[in-house]
$ cat query.pdb   # PDB, C-alpha atoms
MODEL        1
ATOM      1  CA  MET V1065      -0.814   3.862   3.841
ATOM      2  CA  ASN V1066      -2.652   1.814   1.278
ATOM      3  CA  LYS V1067      -6.164   2.354   0.001
ATOM      4  CA  LYS V1068      -7.551  -0.622   1.953
ATOM      5  CA  VAL V1069      -6.466   0.811   5.274
ATOM      6  CA  LEU V1070      -7.598   4.346   4.359
ATOM      7  CA  GLY V1071     -10.970   2.888   3.406
ATOM      8  CA  GLY V1072     -11.100   1.128   6.760
ATOM      9  CA  VAL V1073     -10.186   4.315   8.607
ATOM     10  CA  SER V1074     -12.845   6.192   6.660
ATOM     11  CA  ALA V1075     -15.433   3.561   7.550
ATOM     12  CA  LEU V1076     -14.320   3.759  11.178
ATOM     13  CA  ALA V1077     -14.690   7.521  11.190
ATOM     14  CA  ILE V1078     -18.218   7.304   9.814
ATOM     15  CA  GLY V1079     -19.245   4.636  12.328
ATOM     16  CA  VAL V1080     -17.612   6.337  15.291
ATOM     17  CA  VAL V1081     -19.219   9.681  14.628
ATOM     18  CA  GLY V1082     -22.739   8.348  14.463
ATOM     19  CA  THR V1083     -23.345   7.877  10.778
ATOM     20  CA  GLY V1084     -23.412   4.092  10.730
ATOM     21  CA  VAL V1085     -26.639   4.269   8.753
ATOM     22  CA  TYR V1086     -24.570   5.336   5.756
ATOM     23  CA  LEU V1087     -22.720   2.021   5.899
ATOM     24  CA  ALA V1088     -25.877  -0.006   6.542
ATOM     25  CA  VAL V1089     -27.534   1.053   3.302
ATOM     26  CA  PRO V1090     -26.097  -0.871   0.354
ATOM     27  CA  ALA V1091     -25.012   1.130  -2.670
ATOM     28  CA  SER V1092     -27.374  -0.921  -4.801
ATOM     29  CA  ALA V1093     -30.416   0.181  -2.762
ATOM     30  CA  GLY V1094     -31.108   2.708  -5.498
ATOM     31  CA  SER V1095     -32.420   6.042  -4.370
ATOM     32  CA  PRO V1096     -34.274   8.302  -6.827
ATOM     33  CA  GLN V1097     -31.366  10.776  -6.701
ATOM     34  CA  ALA V1098     -28.686   8.114  -7.320
ATOM     35  CA  VAL V1099     -26.231   9.054 -10.036
ATOM     36  CA  PRO V1100     -24.115   6.345 -11.670
ATOM     37  CA  ALA V1101     -20.411   6.572 -10.838
ATOM     38  CA  ALA V1102     -19.561   6.816 -14.534
ATOM     39  CA  ALA V1103     -21.688   9.961 -14.842
ATOM     40  CA  THR V1104     -19.851  11.682 -11.990
ATOM     41  CA  GLY V1105     -16.397  10.734 -13.276
ATOM     42  CA  LYS V1106     -15.464   9.350  -9.827
ATOM     43  CA  GLN V1107     -14.736   5.802  -8.817
ATOM     44  CA  PRO V1108     -17.103   4.384  -6.160
ATOM     45  CA  ASN V1109     -14.276   3.943  -3.609
ATOM     46  CA  ALA V1110     -13.033   7.504  -4.118
ATOM     47  CA  GLU V1111     -16.552   8.808  -3.628
ATOM     48  CA  ARG V1112     -16.973   6.803  -0.411
ATOM     49  CA  ARG V1113     -13.683   8.151   0.963
ATOM     50  CA  GLN V1114     -14.710  11.698   0.092
ATOM     51  CA  ASN V1115     -18.087  11.223   1.794
ATOM     52  CA  ALA V1116     -16.356   9.757   4.862
ATOM     53  CA  ARG V1117     -14.057  12.782   5.155
ATOM     54  CA  LYS V1118     -17.033  15.150   4.838
ATOM     55  CA  ALA V1119     -18.954  13.224   7.511
ATOM     56  CA  LEU V1120     -15.975  13.347   9.871
ATOM     57  CA  ARG V1121     -15.664  17.101   9.446
ATOM     58  CA  ARG V1122     -19.343  17.558  10.410
ATOM     59  CA  ARG V1123     -19.296  15.352  13.491
ATOM     60  CA  ALA V1124     -18.025  15.666  17.022
ATOM     61  CA  GLY V1125     -15.857  12.529  17.356
ATOM     62  CA  VAL V1126     -12.374  13.368  18.617
ATOM     63  CA  HIS V1127     -10.382  10.096  18.502
ATOM     64  CA  GLY V1128     -10.787   6.370  18.068
ATOM     65  CA  ASP V1129      -9.311   2.955  17.299
ATOM     66  CA  ALA V1130     -10.642  -0.070  15.446
ATOM     67  CA  THR V1131      -9.460  -3.389  14.111
ATOM     68  CA  VAL V1132     -10.401  -3.853  10.459
ATOM     69  CA  ARG V1133     -10.097  -6.817   8.141
ATOM     70  CA  THR V1134      -7.864  -6.556   5.088
ATOM     71  CA  LYS V1135      -8.618  -8.109   1.703
ATOM     72  CA  LYS V1136      -6.068 -10.853   2.402
ATOM     73  CA  ASN V1137      -8.023 -12.031   5.497
ATOM     74  CA  GLY V1138      -5.591 -10.337   7.833
ATOM     75  CA  PHE V1139      -6.336  -7.694  10.399
ATOM     76  CA  VAL V1140      -4.862  -4.280  11.069
ATOM     77  CA  GLN V1141      -5.532  -1.825  13.872
ATOM     78  CA  VAL V1142      -6.308   1.667  12.617
ATOM     79  CA  THR V1143      -6.604   4.861  14.634
ATOM     80  CA  TRP V1144      -7.598   8.496  14.130
ATOM     81  CA  GLN V1145      -7.575  11.743  16.081
ATOM     82  CA  ARG V1146      -8.852  15.303  15.729
ATOM     83  CA  GLY V1147      -7.259  18.063  17.729
ATOM     84  CA  VAL V1148      -4.629  20.738  18.063
ATOM     85  CA  LEU V1149      -1.005  20.160  17.097
ATOM     86  CA  THR V1150       0.912  20.815  20.317
ATOM     87  CA  ALA V1151       4.475  19.860  19.351
ATOM     88  CA  LYS V1152       6.475  18.553  16.417
ATOM     89  CA  SER V1153       9.927  17.107  15.783
ATOM     90  CA  GLY V1154      11.760  15.692  12.814
ATOM     91  CA  SER V1155      10.196  12.256  13.211
ATOM     92  CA  GLY V1156       6.779  12.990  14.659
ATOM     93  CA  PHE V1157       4.294  15.276  16.331
ATOM     94  CA  THR V1158       1.849  15.455  19.234
ATOM     95  CA  VAL V1159      -1.896  16.168  19.033
ATOM     96  CA  ARG V1160      -4.255  17.049  21.926
ATOM     97  CA  SER V1161      -7.973  16.359  21.471
ATOM     98  CA  LEU V1162     -10.769  18.366  23.065
ATOM     99  CA  ASP V1163     -11.246  15.791  25.811
ATOM    100  CA  GLY V1164      -7.605  16.218  26.855
ATOM    101  CA  THR V1165      -6.309  13.029  25.218
ATOM    102  CA  THR V1166      -2.755  13.591  23.978
ATOM    103  CA  TRP V1167      -1.204  11.147  21.516
ATOM    104  CA  GLN V1168       2.245  11.151  19.995
ATOM    105  CA  TRP V1169       2.338  10.255  16.298
ATOM    106  CA  GLN V1170       5.374   9.054  14.354
ATOM    107  CA  THR V1171       5.771   9.850  10.672
ATOM    108  CA  ALA V1172       6.853   7.360   8.032
ATOM    109  CA  LYS V1173       8.262   7.699   4.543
ATOM    110  CA  GLY V1174       4.752   7.398   3.075
ATOM    111  CA  THR V1175       2.982   9.832   5.442
ATOM    112  CA  LYS V1176       0.970  12.361   3.414
ATOM    113  CA  PHE V1177       0.246  15.860   4.685
ATOM    114  CA  HIS V1178      -2.367  18.351   3.462
ATOM    115  CA  LYS V1179      -2.796  21.917   4.662
ATOM    116  CA  ASP V1180      -5.530  24.258   3.410
ATOM    117  CA  GLY V1181      -6.401  21.769   0.658
ATOM    118  CA  GLN V1182      -2.846  21.625  -0.717
ATOM    119  CA  LYS V1183      -0.161  18.954  -0.418
ATOM    120  CA  ALA V1184       2.312  19.837   2.309
ATOM    121  CA  ASP V1185       4.834  18.308   4.678
ATOM    122  CA  LEU V1186       5.339  18.363   8.443
ATOM    123  CA  SER V1187       7.369  21.573   8.245
ATOM    124  CA  LYS V1188       4.313  23.429   6.835
ATOM    125  CA  LEU V1189       2.221  22.600   9.904
ATOM    126  CA  ALA V1190       2.481  24.940  12.871
ATOM    127  CA  VAL V1191       1.920  24.389  16.569
ATOM    128  CA  ASN V1192      -1.736  25.244  17.385
ATOM    129  CA  ASP V1193      -2.961  24.174  13.918
ATOM    130  CA  PHE V1194      -6.154  22.107  14.039
ATOM    131  CA  VAL V1195      -5.444  18.698  12.456
ATOM    132  CA  VAL V1196      -7.163  15.412  11.643
ATOM    133  CA  VAL V1197      -4.808  12.414  11.670
ATOM    134  CA  PHE V1198      -5.428   8.903  10.298
ATOM    135  CA  GLY V1199      -2.951   6.101  10.834
ATOM    136  CA  ARG V1200      -2.064   2.730  12.283
ATOM    137  CA  ALA V1201      -1.691   1.687  15.880
ATOM    138  CA  GLY V1202       1.422  -0.293  16.713
ATOM    139  CA  ALA V1203       2.860  -2.232  19.602
ATOM    140  CA  GLY V1204       3.111  -0.521  22.958
ATOM    141  CA  GLY V1205       0.647   2.239  22.100
ATOM    142  CA  SER V1206       2.715   3.690  19.260
ATOM    143  CA  ARG V1207       0.892   5.386  16.396
ATOM    144  CA  THR V1208       2.159   5.959  12.873
ATOM    145  CA  ALA V1209       0.427   8.649  10.837
ATOM    146  CA  GLY V1210      -0.628   7.781   7.311
ATOM    147  CA  ARG V1211      -2.480  10.985   6.456
ATOM    148  CA  VAL V1212      -2.596  14.334   8.217
ATOM    149  CA  PHE V1213      -5.070  17.058   7.270
ATOM    150  CA  ALA V1214      -5.008  20.676   8.460
ATOM    151  CA  PRO V1215      -8.293  21.986   6.987
ATOM    152  CA  LYS V1216      -8.957  25.530   5.774
ATOM    153  CA  LYS V1217     -12.063  25.834   7.929
ATOM    154  CA  VAL V1218     -11.812  24.799  11.543
ATOM    155  CA  PRO V1219     -15.155  23.757  13.067
ATOM    156  CA  ALA V1220     -16.315  26.337  15.629
ATOM    157  CA  LYS V1221     -16.347  23.881  18.531
ATOM    158  CA  ALA V1222     -13.176  22.068  17.485
ATOM    159  CA  THR V1223     -10.834  24.026  19.746
ATOM    160  CA  GLN V1224     -13.175  25.088  22.569
ATOM    161  CA  SER V1225     -12.769  23.515  25.973
ATOM    162  CA  PRO V1226     -15.754  21.370  26.915
ATOM    163  CA  THR V1227     -18.265  22.898  29.331
ATOM    164  CA  PRO V1228     -18.359  20.996  32.650
ATOM    165  CA  GLN V1229     -21.590  19.084  33.200
ATOM    166  CA  HIS V1230     -23.163  19.343  36.660
ATOM    167  CA  SER V1231     -25.781  16.905  37.856
TER     168      SER V1231
ENDMDL
END
$ encode --input "query.pdb" --output "structure tokens"
Amino acid sequence: MNKKVLGGVSALAIGVVGTGVYLAVPASAGSPQAVPAAATGKQPNAERRQNARKALRRRAGVHGDATVRTKKNGFVQVTWQRGVLTAKSGSGFTVRSLDGTTWQWQTAKGTKFHKDGQKADLSKLAVNDFVVVFGRAGAGGSRTAGRVFAPKKVPAKATQSPTPQHS
């Protein structure tokens, strides 16, 4: 998955989970605590992606889809999901979100896996691992994973069943 799509997925994750204000404030707005990118040693895009991942970890969004524009004036549909790995095979895996949504994801040659902060592959992930998946939506509801993260720390409410609401 290229950087443009990952950036779009990151932006989607931030917007979906209620931090759209982050995107609404231009980088040039200049806050008193702003540190130039050169001083931090990070590129602006890398910093935005890192902030997007941190925001997603803190929020309660469980899955989503969006159509984003590419730099070449095309469009691509991106998708993401947080949940528990329920099954895996040689060419893909299945994730169940807290709300019960179950999606099957296919892997591709370029799919990148991370577990506990280290590079990994599908064989390192185990059924019942908590994962965050970013990828592309295809025809007929298919999904191809671009990046799969199995974080060290699992949010406390990430695997709990939702409490029924009575009115």
$ closest_residue --input "query.pdb" --among "V:Asp1163, V:Asp1193, V:Glu1111, V:Asp1185" --to "Lys1216 in chain V" --atoms "all atoms listed in the file"
V:Asp1193
$ resolve_selection --input "query.pdb" --expression "the PyMOL selection byres ((chain V and resi 1190) around 10)" --output "count of residues only"
14
$ atom_distance --input "query.pdb" --atom1 "CA of Ala1130 in chain V" --atom2 "CA of Gly1199 in chain V"
10.9 Å
$ resolve_selection --input "query.pdb" --expression "the PyMOL selection byres ((chain V and resi 1201) around 8)" --output "CSV table (one decimal) with C-alpha atoms, keeping the file's coordinate frame"
chain,number,residue,atom,x,y,z
V,1129,ASP,CA,-9.3,3.0,17.3
V,1141,GLN,CA,-5.5,-1.8,13.9
V,1142,VAL,CA,-6.3,1.7,12.6
V,1143,THR,CA,-6.6,4.9,14.6
V,1199,GLY,CA,-3.0,6.1,10.8
V,1200,ARG,CA,-2.1,2.7,12.3
V,1202,GLY,CA,1.4,-0.3,16.7
V,1203,ALA,CA,2.9,-2.2,19.6
V,1205,GLY,CA,0.6,2.2,22.1
V,1206,SER,CA,2.7,3.7,19.3
V,1207,ARG,CA,0.9,5.4,16.4
V,1208,THR,CA,2.2,6.0,12.9
$ residues_around --input "query.pdb" --residues "range 1167-1174 of chain V" --least-positions-apart "6" --cutoff "7 Å" --atoms "all atoms listed in the file" --output "JSON, numbers by chain"
{"V": [1065, 1155, 1156, 1157, 1158, 1159, 1160, 1207, 1208, 1209, 1210]}
$ atom_distance --input "query.pdb" --atom1 "CA of Asp1180 in chain V" --atom2 "CA of Pro1215 in chain V"
5.1 Å
$ atom_distance --input "query.pdb" --atom1 "CA of Leu1162 in chain V" --atom2 "CA of Gly1125 in chain V"
9.6 Å
$ closest_residue --input "query.pdb" --among "V:Val1197, V:Thr1131, V:Val1212, V:Gly1204" --to "Trp1144 in chain V" --atoms "only C-alpha atoms"
V:Val1197
$ closest_residue --input "query.pdb" --among "V:Gly1147, V:Gly1128, V:Gly1181, V:Gly1138" --to "Gly1164 in chain V" --atoms "only C-alpha atoms"
V:Gly1147
$ decode --input "query.pdb" --residues "range 1157-1198 of chain V" --atoms "N, CA and C atoms" --output "PDB file, in the first residue's frame"
ATOM      1  N   PHE V1157      -7.387 -13.622   6.491  1.00  0.00           N
ATOM      2  CA  PHE V1157      -7.783 -13.772   7.882  1.00  0.00           C
ATOM      3  C   PHE V1157      -9.135 -13.111   8.089  1.00  0.00           C
ATOM      4  N   THR V1158      -9.744 -13.372   9.231  1.00  0.00           N
ATOM      5  CA  THR V1158     -11.054 -12.831   9.571  1.00  0.00           C
ATOM      6  C   THR V1158     -10.951 -12.084  10.891  1.00  0.00           C
ATOM      7  N   VAL V1159     -11.597 -10.904  10.948  1.00  0.00           N
ATOM      8  CA  VAL V1159     -11.585 -10.071  12.155  1.00  0.00           C
ATOM      9  C   VAL V1159     -13.031  -9.778  12.551  1.00  0.00           C
ATOM     10  N   ARG V1160     -13.335  -9.872  13.845  1.00  0.00           N
ATOM     11  CA  ARG V1160     -14.657  -9.536  14.389  1.00  0.00           C
ATOM     12  C   ARG V1160     -14.518  -8.303  15.263  1.00  0.00           C
ATOM     13  N   SER V1161     -15.278  -7.265  14.960  1.00  0.00           N
ATOM     14  CA  SER V1161     -15.280  -6.037  15.757  1.00  0.00           C
ATOM     15  C   SER V1161     -16.215  -6.178  16.943  1.00  0.00           C
ATOM     16  N   LEU V1162     -16.117  -5.237  17.868  1.00  0.00           N
ATOM     17  CA  LEU V1162     -16.963  -5.263  19.067  1.00  0.00           C
ATOM     18  C   LEU V1162     -18.454  -5.271  18.762  1.00  0.00           C
ATOM     19  N   ASP V1163     -18.855  -4.597  17.691  1.00  0.00           N
ATOM     20  CA  ASP V1163     -20.280  -4.536  17.376  1.00  0.00           C
ATOM     21  C   ASP V1163     -20.783  -5.788  16.661  1.00  0.00           C
ATOM     22  N   GLY V1164     -19.901  -6.786  16.499  1.00  0.00           N
ATOM     23  CA  GLY V1164     -20.293  -8.039  15.874  1.00  0.00           C
ATOM     24  C   GLY V1164     -19.989  -8.121  14.389  1.00  0.00           C
ATOM     25  N   THR V1165     -19.543  -7.011  13.792  1.00  0.00           N
ATOM     26  CA  THR V1165     -19.212  -7.010  12.367  1.00  0.00           C
ATOM     27  C   THR V1165     -18.007  -7.908  12.121  1.00  0.00           C
ATOM     28  N   THR V1166     -18.143  -8.839  11.186  1.00  0.00           N
ATOM     29  CA  THR V1166     -17.063  -9.757  10.843  1.00  0.00           C
ATOM     30  C   THR V1166     -16.708  -9.558   9.384  1.00  0.00           C
ATOM     31  N   TRP V1167     -15.440  -9.222   9.125  1.00  0.00           N
ATOM     32  CA  TRP V1167     -14.967  -9.024   7.759  1.00  0.00           C
ATOM     33  C   TRP V1167     -13.832  -9.989   7.474  1.00  0.00           C
ATOM     34  N   GLN V1168     -13.819 -10.495   6.261  1.00  0.00           N
ATOM     35  CA  GLN V1168     -12.712 -11.322   5.799  1.00  0.00           C
ATOM     36  C   GLN V1168     -11.756 -10.428   5.028  1.00  0.00           C
ATOM     37  N   TRP V1169     -10.480 -10.541   5.336  1.00  0.00           N
ATOM     38  CA  TRP V1169      -9.427  -9.747   4.698  1.00  0.00           C
ATOM     39  C   TRP V1169      -8.510 -10.673   3.922  1.00  0.00           C
ATOM     40  N   GLN V1170      -8.147 -10.267   2.710  1.00  0.00           N
ATOM     41  CA  GLN V1170      -7.165 -10.990   1.910  1.00  0.00           C
ATOM     42  C   GLN V1170      -5.813 -10.316   2.113  1.00  0.00           C
ATOM     43  N   THR V1171      -4.750 -11.066   2.013  1.00  0.00           N
ATOM     44  CA  THR V1171      -3.415 -10.484   2.072  1.00  0.00           C
ATOM     45  C   THR V1171      -2.873 -10.377   0.653  1.00  0.00           C
ATOM     46  N   ALA V1172      -1.928  -9.479   0.478  1.00  0.00           N
ATOM     47  CA  ALA V1172      -1.273  -9.290  -0.814  1.00  0.00           C
ATOM     48  C   ALA V1172       0.231  -9.370  -0.599  1.00  0.00           C
ATOM     49  N   LYS V1173       0.972  -9.361  -1.662  1.00  0.00           N
ATOM     50  CA  LYS V1173       2.427  -9.448  -1.561  1.00  0.00           C
ATOM     51  C   LYS V1173       2.990  -8.311  -0.707  1.00  0.00           C
ATOM     52  N   GLY V1174       2.394  -7.134  -0.787  1.00  0.00           N
ATOM     53  CA  GLY V1174       2.899  -5.972  -0.058  1.00  0.00           C
ATOM     54  C   GLY V1174       2.298  -5.756   1.323  1.00  0.00           C
ATOM     55  N   THR V1175       1.450  -6.663   1.807  1.00  0.00           N
ATOM     56  CA  THR V1175       0.837  -6.492   3.126  1.00  0.00           C
ATOM     57  C   THR V1175       1.918  -6.511   4.206  1.00  0.00           C
ATOM     58  N   LYS V1176       1.883  -5.509   5.087  1.00  0.00           N
ATOM     59  CA  LYS V1176       2.875  -5.414   6.166  1.00  0.00           C
ATOM     60  C   LYS V1176       2.198  -5.715   7.498  1.00  0.00           C
ATOM     61  N   PHE V1177       2.863  -6.527   8.293  1.00  0.00           N
ATOM     62  CA  PHE V1177       2.350  -6.936   9.600  1.00  0.00           C
ATOM     63  C   PHE V1177       3.291  -6.434  10.687  1.00  0.00           C
ATOM     64  N   HIS V1178       2.706  -6.024  11.818  1.00  0.00           N
ATOM     65  CA  HIS V1178       3.478  -5.618  12.993  1.00  0.00           C
ATOM     66  C   HIS V1178       2.818  -6.225  14.220  1.00  0.00           C
ATOM     67  N   LYS V1179       3.620  -6.839  15.070  1.00  0.00           N
ATOM     68  CA  LYS V1179       3.106  -7.388  16.320  1.00  0.00           C
ATOM     69  C   LYS V1179       4.032  -6.944  17.445  1.00  0.00           C
ATOM     70  N   ASP V1180       3.451  -6.382  18.489  1.00  0.00           N
ATOM     71  CA  ASP V1180       4.197  -5.889  19.650  1.00  0.00           C
ATOM     72  C   ASP V1180       5.308  -4.922  19.233  1.00  0.00           C
ATOM     73  N   GLY V1181       5.024  -4.085  18.232  1.00  0.00           N
ATOM     74  CA  GLY V1181       5.979  -3.074  17.799  1.00  0.00           C
ATOM     75  C   GLY V1181       7.075  -3.578  16.889  1.00  0.00           C
ATOM     76  N   GLN V1182       7.048  -4.844  16.527  1.00  0.00           N
ATOM     77  CA  GLN V1182       8.086  -5.435  15.669  1.00  0.00           C
ATOM     78  C   GLN V1182       7.473  -5.890  14.346  1.00  0.00           C
ATOM     79  N   LYS V1183       8.276  -5.888  13.279  1.00  0.00           N
ATOM     80  CA  LYS V1183       7.800  -6.420  12.011  1.00  0.00           C
ATOM     81  C   LYS V1183       7.501  -7.896  12.193  1.00  0.00           C
ATOM     82  N   ALA V1184       6.463  -8.361  11.509  1.00  0.00           N
ATOM     83  CA  ALA V1184       6.036  -9.752  11.653  1.00  0.00           C
ATOM     84  C   ALA V1184       5.439 -10.214  10.327  1.00  0.00           C
ATOM     85  N   ASP V1185       4.813 -11.360  10.348  1.00  0.00           N
ATOM     86  CA  ASP V1185       4.040 -11.839   9.210  1.00  0.00           C
ATOM     87  C   ASP V1185       2.777 -12.503   9.755  1.00  0.00           C
ATOM     88  N   LEU V1186       1.911 -12.945   8.863  1.00  0.00           N
ATOM     89  CA  LEU V1186       0.631 -13.515   9.289  1.00  0.00           C
ATOM     90  C   LEU V1186       0.818 -14.697  10.231  1.00  0.00           C
ATOM     91  N   SER V1187       1.868 -15.470  10.040  1.00  0.00           N
ATOM     92  CA  SER V1187       2.075 -16.647  10.890  1.00  0.00           C
ATOM     93  C   SER V1187       2.357 -16.268  12.343  1.00  0.00           C
ATOM     94  N   LYS V1188       2.832 -15.053  12.596  1.00  0.00           N
ATOM     95  CA  LYS V1188       3.120 -14.601  13.971  1.00  0.00           C
ATOM     96  C   LYS V1188       1.865 -14.182  14.719  1.00  0.00           C
ATOM     97  N   LEU V1189       0.789 -13.893  13.990  1.00  0.00           N
ATOM     98  CA  LEU V1189      -0.465 -13.514  14.637  1.00  0.00           C
ATOM     99  C   LEU V1189      -1.216 -14.767  15.051  1.00  0.00           C
ATOM    100  N   ALA V1190      -1.881 -14.686  16.192  1.00  0.00           N
ATOM    101  CA  ALA V1190      -2.630 -15.832  16.706  1.00  0.00           C
ATOM    102  C   ALA V1190      -4.117 -15.495  16.778  1.00  0.00           C
ATOM    103  N   VAL V1191      -4.941 -16.513  16.643  1.00  0.00           N
ATOM    104  CA  VAL V1191      -6.377 -16.329  16.839  1.00  0.00           C
ATOM    105  C   VAL V1191      -6.579 -15.749  18.236  1.00  0.00           C
ATOM    106  N   ASN V1192      -7.483 -14.802  18.361  1.00  0.00           N
ATOM    107  CA  ASN V1192      -7.809 -14.045  19.576  1.00  0.00           C
ATOM    108  C   ASN V1192      -6.855 -12.880  19.836  1.00  0.00           C
ATOM    109  N   ASP V1193      -5.900 -12.615  18.940  1.00  0.00           N
ATOM    110  CA  ASP V1193      -5.097 -11.392  19.051  1.00  0.00           C
ATOM    111  C   ASP V1193      -5.979 -10.207  18.684  1.00  0.00           C
ATOM    112  N   PHE V1194      -5.807  -9.092  19.384  1.00  0.00           N
ATOM    113  CA  PHE V1194      -6.470  -7.843  19.027  1.00  0.00           C
ATOM    114  C   PHE V1194      -5.663  -7.218  17.893  1.00  0.00           C
ATOM    115  N   VAL V1195      -6.330  -6.825  16.800  1.00  0.00           N
ATOM    116  CA  VAL V1195      -5.633  -6.251  15.651  1.00  0.00           C
ATOM    117  C   VAL V1195      -6.332  -4.991  15.155  1.00  0.00           C
ATOM    118  N   VAL V1196      -5.557  -4.157  14.466  1.00  0.00           N
ATOM    119  CA  VAL V1196      -6.069  -3.000  13.738  1.00  0.00           C
ATOM    120  C   VAL V1196      -5.602  -3.199  12.302  1.00  0.00           C
ATOM    121  N   VAL V1197      -6.562  -3.183  11.358  1.00  0.00           N
ATOM    122  CA  VAL V1197      -6.256  -3.471   9.960  1.00  0.00           C
ATOM    123  C   VAL V1197      -6.619  -2.261   9.103  1.00  0.00           C
ATOM    124  N   PHE V1198      -5.705  -1.874   8.201  1.00  0.00           N
ATOM    125  CA  PHE V1198      -5.959  -0.819   7.226  1.00  0.00           C
ATOM    126  C   PHE V1198      -5.793  -1.433   5.846  1.00  0.00           C
TER     127      PHE V1198
END
